[in-house]
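Everything below concerns the one structure shown next.
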Amino acid sequence: MNTNHKSQITNLRSQIANRKSQIANRKRGSSNLQPPTSNFQPPAIALILAAFIVLGVTYSIVTPIFEAPDEIYHYFLIKHLADGKGLPVQDPENPGLWRQEGSQPPLYYLIGALATFWIDTSEAEDLLWYNPQRNVGTPLDPGNKNVIVHTQRESFPFRGTALAVHLVRLLSVLLGAGTVLVTYRLALEIFPNHEHLAVGAAAINAFIPQFLFISGAVNNDNLITFLSSLALLLISRITHHASRFTHHASRITNPNWSLVIGHWSLLGFVLGLACLSKLTGLGLLILTVIILIVEAYRRRSARPLVGGVIAFVVALVVGGWWYVRNWQLYGDPTGLNMMLAVVGRRSLSPSISGLWGEFRGLRMSFWALFGWFSILVSPAAYAILDTVSLLALVGLGICLVRQHVISDLRFSIAGFLNRKSAIGNRKSGAVGVLILWLAIVFLGLIRWTLTTPGTQGRLLFPAISAISILLMLGLSQLVPERYARILVSVISLGMFVFATLCPFLYIGPAYARPPVLSPDEVPTGVVHDFGERIRLLGFKLDKERVRPGETLGITFYWQGLVEMEEDYYLFIHLLGRRRELVGNEDTYHGWGTYPTSLWKPGEIIADTYRLPISQEALAPSLIRVDVGLYEPSTGSQLQPQSVVIGQLKMAPEELQSSKFKVQSFNLDSKLALIGYEVDRTEFSPGEKVRLTLYWQAEGEMGTDYTVFTHLIDEEGKIWGQMDSQPLEGDYPTSCWDVGEVIEDEYVLVINENTPAGLYWLEVGMYELATGQRLPILNADGEVKDDRILLPLSITVKRKT
């Protein structure tokens with residue numbers, strides 16, 4: 001007898017022993033609805049829950065109030081209820097401070113109101129000091145991440161509205177912790193002999209930074225996420241154990257019907273609460289119906305449907321009143337039409353490329369995209385998370401093939417038992433339920449995305465238990481069983497470290513005010529007074545040269561001279577070729593965090609900005625840094641109106657020598673003319689000759705030389721000329737680097753009275769202050785001339 005046969009016999013004996021034990025338990029009146037036994041080790045999940053609560057509170061404190069998406073609207077609906085004003089009636093013409101959230105099912109807001117009704121929040125609206133340049137939904141823009149300007153009224157110890165917001169945030173953290181615990185229990189229900197998978201799934205759930213961020217915010221997603229996960233756990237338990245009960249019903253003489261009805265009633269109660277939390281709860285009803293129908297068909301019994309009726313009656317009693325109210329008020333039981341009237345519908349259906357762009361944003365905002373979708377983490381982090389997700393997907397495919405789930409799902413989505421392999425099919429059916437619920441949530445998200453621009457990763461959180469378990473299951477298939485626990489440890493630790501770093505590397509700095517300095521810390525530099533109110537003590541650039549598409553960092557050192565009531569805007573203009581605007585910023589100081597009315601007289605701040613340089617900026621060129629201050633309501637500027645405080649160079653792109661005629665002329669070993677181009681060689685009087693010169697710096701130059709270009713006849717008389725510093729003065733020779741090649745165009749207008757004949761072009765350089773030309777040297781370094789006569793002729797025809 002081979003090893004495989006021995007293993008099969010051992011498994012069969014184990015299953016027979018388990019069945020005998022189950023029958024004996026039923027005869028003693030024990031419940032079939034107890035959770036499966038496992039090697040449950042409380043310290044593992046307890047440690048994860050403790051870490052989650054600590055991190056959740058950290059996220060809630062580091063993130064200023066109202067800086068989570070829609071938190072303003074969520075909180076003001078809670079305040080409306082806490083003030084005893086009852087459920088709002090939505091009016092698109094006057095939506096109130098809660099805006100579209102007034103159309104949401106009210107359970108989360110009622111709980112929040114019960115937790116905070118005793119707090120005096122009369123100053124709440126005074127805290128809504130909106131940042132006029134707030135950055136919402138454009139994470140690539142580097143500044144103005146704060147939607148609200150924050151003041152000392154929000155500081156610890158919390159009081160008033162700040163206290164109320166933080167209390168509701170704490171409630172959200174506890175709901176998030178409940179979700180993590182349910183994820184753990186659900187995974188144990190599916191994999192009773194693989195606790196490490198349950199630990200790994202709980203860790204993934206707990207340490208997704210975006211889940212922590214939303215768990216630390218006032219948001220009804222926290223309640224629907226917890227209730228959805230709890231409903232999944234109840235569905236899994238009831239379906240599994242009810243199917244076992246049905247299979248052995250003929251052998252049971254005294255079934256505990258009250259206990260069975262109680263469990264179906266509990267499921268209905270949770271479904272009803274979910275429907276009172278968010279419309280996503282209706283998806284749980286769809287999931288339950290599908291599972292009951294498939295289960296009834298597979299068992300050839302109506303008993304699952306009877307249990308389902310009990311659950312739906314309870315759910316209707318608990319949550320149905322809200323939908324009846326909506327029907328009476330709006331003619332729409334969901335209230336969705338009224339919500340869309342407030343939040344706005346898409347004017348056009350999104351294109352495929354547009355949807356792909358939104359999908360990219362969905363991935364990022366599922367893992368980590370903080371603020372009002374404006375604070376990114378490192379691109380490397382997204383790449384790693386995407387890679388892990390793809391690996392998990394591959395592993396999940398391997399698992400489905402191994403468990404024969406693809407064929408099993410056609411017959412048993414909810415089946416947890418198989419006469420040949422109880423554990424195998426139980427696992428398969430449970431995984432099918434998770435996938436089905438994820439599909440329902442994702443389809444709901446697609447429908448919402450097609451209706452209104454609202455693709456957000458947090459909208460997948462009602463399926464986060466399913467996602468976490470599926471991710472852990474998929475990854476576990478990629479390593480041998482003996483390394484699975486090591487894999488769980490690595491994933492848990494990695495996610496924990498990443499989640500711990502995010503508040504301090506990304507969230508906190510985005511809302512930090514500029515640091516206050518002592519006079520000794522300010523670098524010496526230019527000093528300008530603006531309207532005798534604000535003094536610029538100096539500035540610092542983070543680099544001396546940039547290229548188009550790069551980012552320039554600038555730090556300004558400001559001092560308030562007097563106490564100010566006005567909030568002045570700072571404008572920064574980066575002026576390139578022909579004073580073209582190649583980068584700019586208009587903002588309150590501190591990139592929106594520190595308006596001038598908050599400044600203390602004499603206080604010095606280091607105010608840092610990062611300005612992207614336009615990809616279309618013409619290079620090479622000097623970039624001049626122009627700054628000024630103005631009052632935004634009137635546009636009036638503080639004198640002086642603007643000041644060019646400094647400059648840097650925008651380096652040229654490398655030029656290919658094939659672009660021009662190569663012929664080198666040495667100008668005093670400082671630079672060389674290495675090529676030239678003329679647009680054509682035949683002209684009429686009054687026309688323009690376009691001459692392009694290609695210079696190469698041969699040595700460092702401290703002088704800004706002027707180029708002369710002349711159209712001359714045989715006697716040297718000038719019939720057209722243009723003298724200018726290179727690139728019309730926008731890239732003087734003093735800023736050229738050794739080896740740099742500069743493309744420099746000149747336009748010479750031929751005099752109207754120029755006679756027909758042959759002419760030549762002479763070029764060179766001179767110092768403007770003295771008129772002294774740079775000598776032209778031969779190969780031996782001897783002076784050959786003070787001009788370069790280009791080896792081509794220009795023909796001027798008679799005017800017709």
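Labeling convention for the structure tokens: chains A, B, ... as they appear, residues from 1 per chain, ligands from 1 in order of appearance.
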
Using DSSP on the backbone coordinates, identify all residues within range 306-402 of chain A classified as helix (DSSP H, G or I); present the result as a ChimeraX atom specification. /A:306-330,336-343,352-367,379-402

Selection near Gln641 in chain A, 12 Å with only C-alpha atoms, sequence-local residues under 6 positions removed, as a PDB file with C-alpha atoms, in the first residue's frame:
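Written file, part_7.pdb:
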```
ATOM      1  CA  HIS A 528      12.989  93.998   1.031  1.00  0.00           C
ATOM      2  CA  ASP A 529      10.177  95.623   2.952  1.00  0.00           C
ATOM      3  CA  PHE A 530       6.702  95.247   1.524  1.00  0.00           C
ATOM      4  CA  GLY A 531       4.433  98.132   2.522  1.00  0.00           C
ATOM      5  CA  LEU A 570       2.247  85.596  -1.797  1.00  0.00           C
ATOM      6  CA  PHE A 571       2.936  85.240  -5.508  1.00  0.00           C
ATOM      7  CA  ASP A 626       9.964  87.381  -9.004  1.00  0.00           C
ATOM      8  CA  VAL A 627       7.981  87.710  -5.750  1.00  0.00           C
ATOM      9  CA  GLY A 628       5.368  90.056  -4.339  1.00  0.00           C
ATOM     10  CA  LEU A 629       2.404  90.331  -1.975  1.00  0.00           C
ATOM     11  CA  TYR A 630      -1.177  91.397  -2.619  1.00  0.00           C
ATOM     12  CA  GLU A 631      -4.561  91.588  -0.952  1.00  0.00           C
ATOM     13  CA  GLY A 635      -5.772  92.692  -6.006  1.00  0.00           C
TER      14      GLY A 635
END
```

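From CA of Val147 in chain A back to CA of Thr555 in chain A, the distance works out to 22.5 Å.
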
Give me the residues within 10 Å of Leu87 in chain A as a compact mmCIF listing (two decimals) with all heavy atoms, in the first residue's frame, counting only C-alpha atoms and dropping any in the same chain fewer than 4 places off.
```
# COMPACT_ATOMS: atom_id res chain seq x y z
N LEU A 77 -23.60 66.93 9.78
CA LEU A 77 -24.86 66.18 9.91
C LEU A 77 -25.00 65.65 11.33
O LEU A 77 -26.09 65.69 11.92
CB LEU A 77 -24.89 65.04 8.90
CG LEU A 77 -26.15 64.17 8.91
CD1 LEU A 77 -27.42 65.02 8.80
CD2 LEU A 77 -26.12 63.13 7.80
N ILE A 78 -23.90 65.18 11.93
CA ILE A 78 -23.93 64.75 13.33
C ILE A 78 -24.32 65.92 14.23
O ILE A 78 -25.16 65.78 15.13
CB ILE A 78 -22.56 64.17 13.73
CG1 ILE A 78 -22.32 62.83 13.04
CG2 ILE A 78 -22.45 64.01 15.26
CD1 ILE A 78 -20.94 62.26 13.27
N HIS A 80 -26.03 68.57 13.46
CA HIS A 80 -27.43 68.91 13.23
C HIS A 80 -28.34 68.02 14.09
O HIS A 80 -29.29 68.50 14.71
CB HIS A 80 -27.76 68.72 11.74
CG HIS A 80 -29.17 69.07 11.37
ND1 HIS A 80 -29.59 70.36 11.14
CD2 HIS A 80 -30.26 68.28 11.19
CE1 HIS A 80 -30.88 70.36 10.83
NE2 HIS A 80 -31.31 69.09 10.85
N LEU A 81 -28.01 66.73 14.14
CA LEU A 81 -28.80 65.80 14.96
C LEU A 81 -28.55 66.04 16.45
O LEU A 81 -29.48 65.99 17.26
CB LEU A 81 -28.46 64.36 14.59
CG LEU A 81 -28.79 63.93 13.15
CD1 LEU A 81 -28.21 62.55 12.86
CD2 LEU A 81 -30.29 63.94 12.92
N GLY A 102 -26.59 64.41 3.87
CA GLY A 102 -27.94 64.43 4.40
C GLY A 102 -28.85 63.39 3.77
O GLY A 102 -29.93 63.10 4.29
N SER A 103 -28.42 62.82 2.63
CA SER A 103 -29.18 61.76 1.97
C SER A 103 -28.75 60.38 2.42
O SER A 103 -29.35 59.38 2.03
CB SER A 103 -29.01 61.87 0.44
OG SER A 103 -29.47 63.12 -0.03
N PRO A 105 -28.23 57.08 4.83
CA PRO A 105 -28.89 56.45 5.98
C PRO A 105 -28.25 56.95 7.28
O PRO A 105 -27.04 57.17 7.34
CB PRO A 105 -28.65 54.96 5.74
CG PRO A 105 -28.53 54.84 4.26
CD PRO A 105 -27.80 56.07 3.82
N PRO A 106 -29.02 57.09 8.36
CA PRO A 106 -28.59 57.93 9.48
C PRO A 106 -27.92 57.26 10.66
O PRO A 106 -27.57 57.94 11.63
CB PRO A 106 -29.93 58.54 9.94
CG PRO A 106 -30.91 57.43 9.71
CD PRO A 106 -30.44 56.73 8.46
N TYR A 109 -24.59 58.65 12.05
CA TYR A 109 -24.74 60.03 12.51
C TYR A 109 -25.53 60.08 13.82
O TYR A 109 -25.24 60.91 14.70
CB TYR A 109 -25.41 60.87 11.42
CG TYR A 109 -24.72 60.71 10.09
CD1 TYR A 109 -25.27 59.90 9.09
CD2 TYR A 109 -23.50 61.32 9.84
CE1 TYR A 109 -24.62 59.72 7.88
CE2 TYR A 109 -22.85 61.15 8.64
CZ TYR A 109 -23.40 60.35 7.66
OH TYR A 109 -22.75 60.17 6.48
N LEU A 110 -26.51 59.21 13.98
CA LEU A 110 -27.26 59.15 15.23
C LEU A 110 -26.35 58.70 16.38
O LEU A 110 -26.42 59.25 17.49
CB LEU A 110 -28.44 58.19 15.08
CG LEU A 110 -29.58 58.66 14.17
CD1 LEU A 110 -30.56 57.52 13.90
CD2 LEU A 110 -30.30 59.86 14.77
```

Excluding same-chain residues fewer than 2 positions from Ile61 in chain A, what lies within 12 Å of it counting only C-alpha atoms, as a ChimeraX atom specification? /A:54-59,63-68,154-158,162-163,165-167,169-170,173,212-213,215-217,503-504,507-508

Write out, as an mmCIF file, in the first residue's frame, the residues just selected, with C-alpha atoms.
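What follows is the written file selection_33.cif:
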```cif
data_model
loop_
_atom_site.group_PDB
_atom_site.id
_atom_site.type_symbol
_atom_site.label_atom_id
_atom_site.label_comp_id
_atom_site.auth_asym_id
_atom_site.auth_seq_id
_atom_site.Cartn_x
_atom_site.Cartn_y
_atom_site.Cartn_z
ATOM 1 C CA VAL A 54 -2.718 53.035 18.863
ATOM 2 C CA LEU A 55 -2.108 53.750 15.172
ATOM 3 C CA GLY A 56 -5.742 54.709 14.562
ATOM 4 C CA VAL A 57 -5.626 57.260 17.379
ATOM 5 C CA THR A 58 -2.283 58.502 16.025
ATOM 6 C CA TYR A 59 -3.755 59.036 12.563
ATOM 7 C CA THR A 63 -4.668 64.631 10.787
ATOM 8 C CA PRO A 64 -6.205 68.045 11.601
ATOM 9 C CA ILE A 65 -9.981 68.089 11.938
ATOM 10 C CA PHE A 66 -11.943 68.279 8.676
ATOM 11 C CA GLU A 67 -8.919 67.166 6.627
ATOM 12 C CA ALA A 68 -10.311 63.722 5.774
ATOM 13 C CA GLU A 154 -8.174 72.973 17.688
ATOM 14 C CA SER A 155 -5.194 72.272 19.940
ATOM 15 C CA PHE A 156 -5.026 69.853 22.857
ATOM 16 C CA PRO A 157 -6.680 69.806 25.353
ATOM 17 C CA PHE A 158 -9.594 69.536 22.957
ATOM 18 C CA ALA A 162 -12.578 69.866 18.240
ATOM 19 C CA LEU A 163 -13.505 67.643 21.177
ATOM 20 C CA VAL A 165 -14.837 65.616 16.252
ATOM 21 C CA HIS A 166 -12.125 63.686 18.099
ATOM 22 C CA LEU A 167 -14.714 61.760 20.112
ATOM 23 C CA ARG A 169 -13.067 59.800 15.442
ATOM 24 C CA LEU A 170 -12.363 57.613 18.468
ATOM 25 C CA VAL A 173 -11.277 53.796 15.494
ATOM 26 C CA LEU A 212 -6.270 53.515 9.377
ATOM 27 C CA PHE A 213 -6.715 57.011 7.964
ATOM 28 C CA SER A 215 -10.804 54.754 10.729
ATOM 29 C CA GLY A 216 -9.366 57.866 12.343
ATOM 30 C CA ALA A 217 -11.896 60.142 10.622
ATOM 31 C CA PRO A 503 1.545 59.852 9.606
ATOM 32 C CA PHE A 504 5.030 61.212 10.238
ATOM 33 C CA ILE A 507 0.389 63.418 6.688
ATOM 34 C CA GLY A 508 1.967 65.537 9.426
#
```

Hey, can you check how far CA of Gly444 in chain A sits from CA of Ala113 in chain A? 28.6 Å

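Counting only C-alpha atoms, Ala315 in chain A has the following residues at most 12 Å away, ignoring those fewer than 6 positions along the same chain: Ala231, Trp264, Ser265, Leu266, Leu267, Gly268, Phe269, Val270, Leu271, Gly272, Leu273, Ala274, Cys275, Leu276, Gly281, Leu282, Leu284, Leu285, Thr288, Gly308, Val309, Trp321 and Trp322 of chain A.
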
File dump, residues just selected, N, CA, C and O atoms, as a CSV table (one decimal), in the first residue's frame:
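Output saved as part-v4.csv:
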```csv
chain,number,residue,atom,x,y,z
A,231,ALA,N,-21.7,40.8,9.0
A,231,ALA,CA,-22.7,40.0,8.2
A,231,ALA,C,-22.1,38.9,7.5
A,231,ALA,O,-22.6,37.7,7.4
A,264,TRP,N,-30.7,33.3,12.8
A,264,TRP,CA,-31.2,34.0,11.6
A,264,TRP,C,-31.7,35.4,12.0
A,264,TRP,O,-31.5,36.3,11.2
A,265,SER,N,-32.3,35.6,13.2
A,265,SER,CA,-32.8,36.9,13.6
A,265,SER,C,-31.6,37.8,13.8
A,265,SER,O,-31.7,39.0,13.4
A,266,LEU,N,-30.5,37.3,14.4
A,266,LEU,CA,-29.3,38.1,14.6
A,266,LEU,C,-28.7,38.6,13.2
A,266,LEU,O,-28.4,39.8,13.0
A,267,LEU,N,-28.7,37.7,12.2
A,267,LEU,CA,-28.3,38.1,10.9
A,267,LEU,C,-29.2,39.2,10.3
A,267,LEU,O,-28.7,40.2,9.8
A,268,GLY,N,-30.5,39.0,10.5
A,268,GLY,CA,-31.4,40.0,10.0
A,268,GLY,C,-31.2,41.4,10.7
A,268,GLY,O,-31.3,42.4,10.1
A,269,PHE,N,-30.9,41.3,12.0
A,269,PHE,CA,-30.7,42.5,12.7
A,269,PHE,C,-29.5,43.3,12.2
A,269,PHE,O,-29.5,44.5,12.0
A,270,VAL,N,-28.4,42.5,11.9
A,270,VAL,CA,-27.2,43.1,11.4
A,270,VAL,C,-27.4,43.7,10.0
A,270,VAL,O,-27.0,44.7,9.6
A,271,LEU,N,-28.2,42.9,9.2
A,271,LEU,CA,-28.5,43.4,7.8
A,271,LEU,C,-29.3,44.7,7.9
A,271,LEU,O,-29.1,45.6,7.1
A,272,GLY,N,-30.3,44.7,8.8
A,272,GLY,CA,-31.0,45.9,9.0
A,272,GLY,C,-30.2,47.1,9.4
A,272,GLY,O,-30.3,48.2,8.9
A,273,LEU,N,-29.3,46.9,10.3
A,273,LEU,CA,-28.4,48.0,10.7
A,273,LEU,C,-27.5,48.4,9.6
A,273,LEU,O,-27.2,49.6,9.4
A,274,ALA,N,-27.0,47.5,8.8
A,274,ALA,CA,-26.2,47.8,7.6
A,274,ALA,C,-27.0,48.7,6.6
A,274,ALA,O,-26.4,49.7,6.1
A,275,CYS,N,-28.2,48.4,6.4
A,275,CYS,CA,-29.1,49.2,5.5
A,275,CYS,C,-29.3,50.5,6.1
A,275,CYS,O,-29.7,51.5,5.3
A,276,LEU,N,-29.2,50.7,7.4
A,276,LEU,CA,-29.4,52.0,8.0
A,276,LEU,C,-28.1,52.8,8.1
A,276,LEU,O,-28.1,53.9,8.6
A,281,GLY,N,-25.3,48.6,2.2
A,281,GLY,CA,-25.9,47.6,3.0
A,281,GLY,C,-27.0,46.8,2.2
A,281,GLY,O,-27.2,45.6,2.4
A,282,LEU,N,-27.6,47.5,1.2
A,282,LEU,CA,-28.5,46.7,0.3
A,282,LEU,C,-27.8,45.6,-0.5
A,282,LEU,O,-28.5,44.6,-0.8
A,284,LEU,N,-25.7,43.6,0.7
A,284,LEU,CA,-25.7,42.4,1.6
A,284,LEU,C,-27.0,41.6,1.5
A,284,LEU,O,-27.0,40.4,1.6
A,285,LEU,N,-28.1,42.4,1.2
A,285,LEU,CA,-29.3,41.7,1.0
A,285,LEU,C,-29.3,40.8,-0.3
A,285,LEU,O,-29.7,39.7,-0.3
A,288,THR,N,-27.1,37.8,0.4
A,288,THR,CA,-27.9,36.8,1.2
A,288,THR,C,-28.9,36.0,0.3
A,288,THR,O,-29.0,34.8,0.4
A,308,GLY,N,-34.0,32.5,5.7
A,308,GLY,CA,-33.9,33.8,5.0
A,308,GLY,C,-35.0,34.7,5.2
A,308,GLY,O,-34.9,35.9,5.4
A,309,VAL,N,-36.2,34.2,5.2
A,309,VAL,CA,-37.5,35.0,5.5
A,309,VAL,C,-37.4,35.6,6.8
A,309,VAL,O,-37.7,36.8,7.0
A,321,TRP,N,-37.9,51.5,7.8
A,321,TRP,CA,-38.6,52.9,8.0
A,321,TRP,C,-37.8,54.0,7.3
A,321,TRP,O,-38.5,54.9,6.8
A,322,TRP,N,-36.5,53.9,7.1
A,322,TRP,CA,-35.7,54.9,6.5
A,322,TRP,C,-36.1,55.0,5.0
A,322,TRP,O,-36.3,56.1,4.4
```

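Contact shell of Glu700 in chain A at 9 Å (only C-alpha atoms; same-chain neighbours under 4 positions omitted): Lys670, Leu671, Thr733, Ser734, Cys735, Trp736, Asp737 and Val738 of chain A.
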
Select, from A:Ile224, A:Val763, A:Ile572, A:Val546, the residue with the minimum atom-to-atom distance to Thr608 in chain A, counting only C-alpha atoms. A:Ile572

Skip Pro612 in chain A itself and residues of its chain fewer than 5 positions away, then list as a PyMOL selection string all residues within 9 Å of it, counting only C-alpha atoms. chain A and resi 141-142+548-553+582-584

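Closest approach to Trp448 in chain A among A:His589, A:Lys145, A:Arg237, A:Arg346 is made by A:Arg346 (distances from only C-alpha atoms).
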
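We find CA of Leu761 in chain A and CA of Lys784 in chain A to be spaced 17.3 Å apart.
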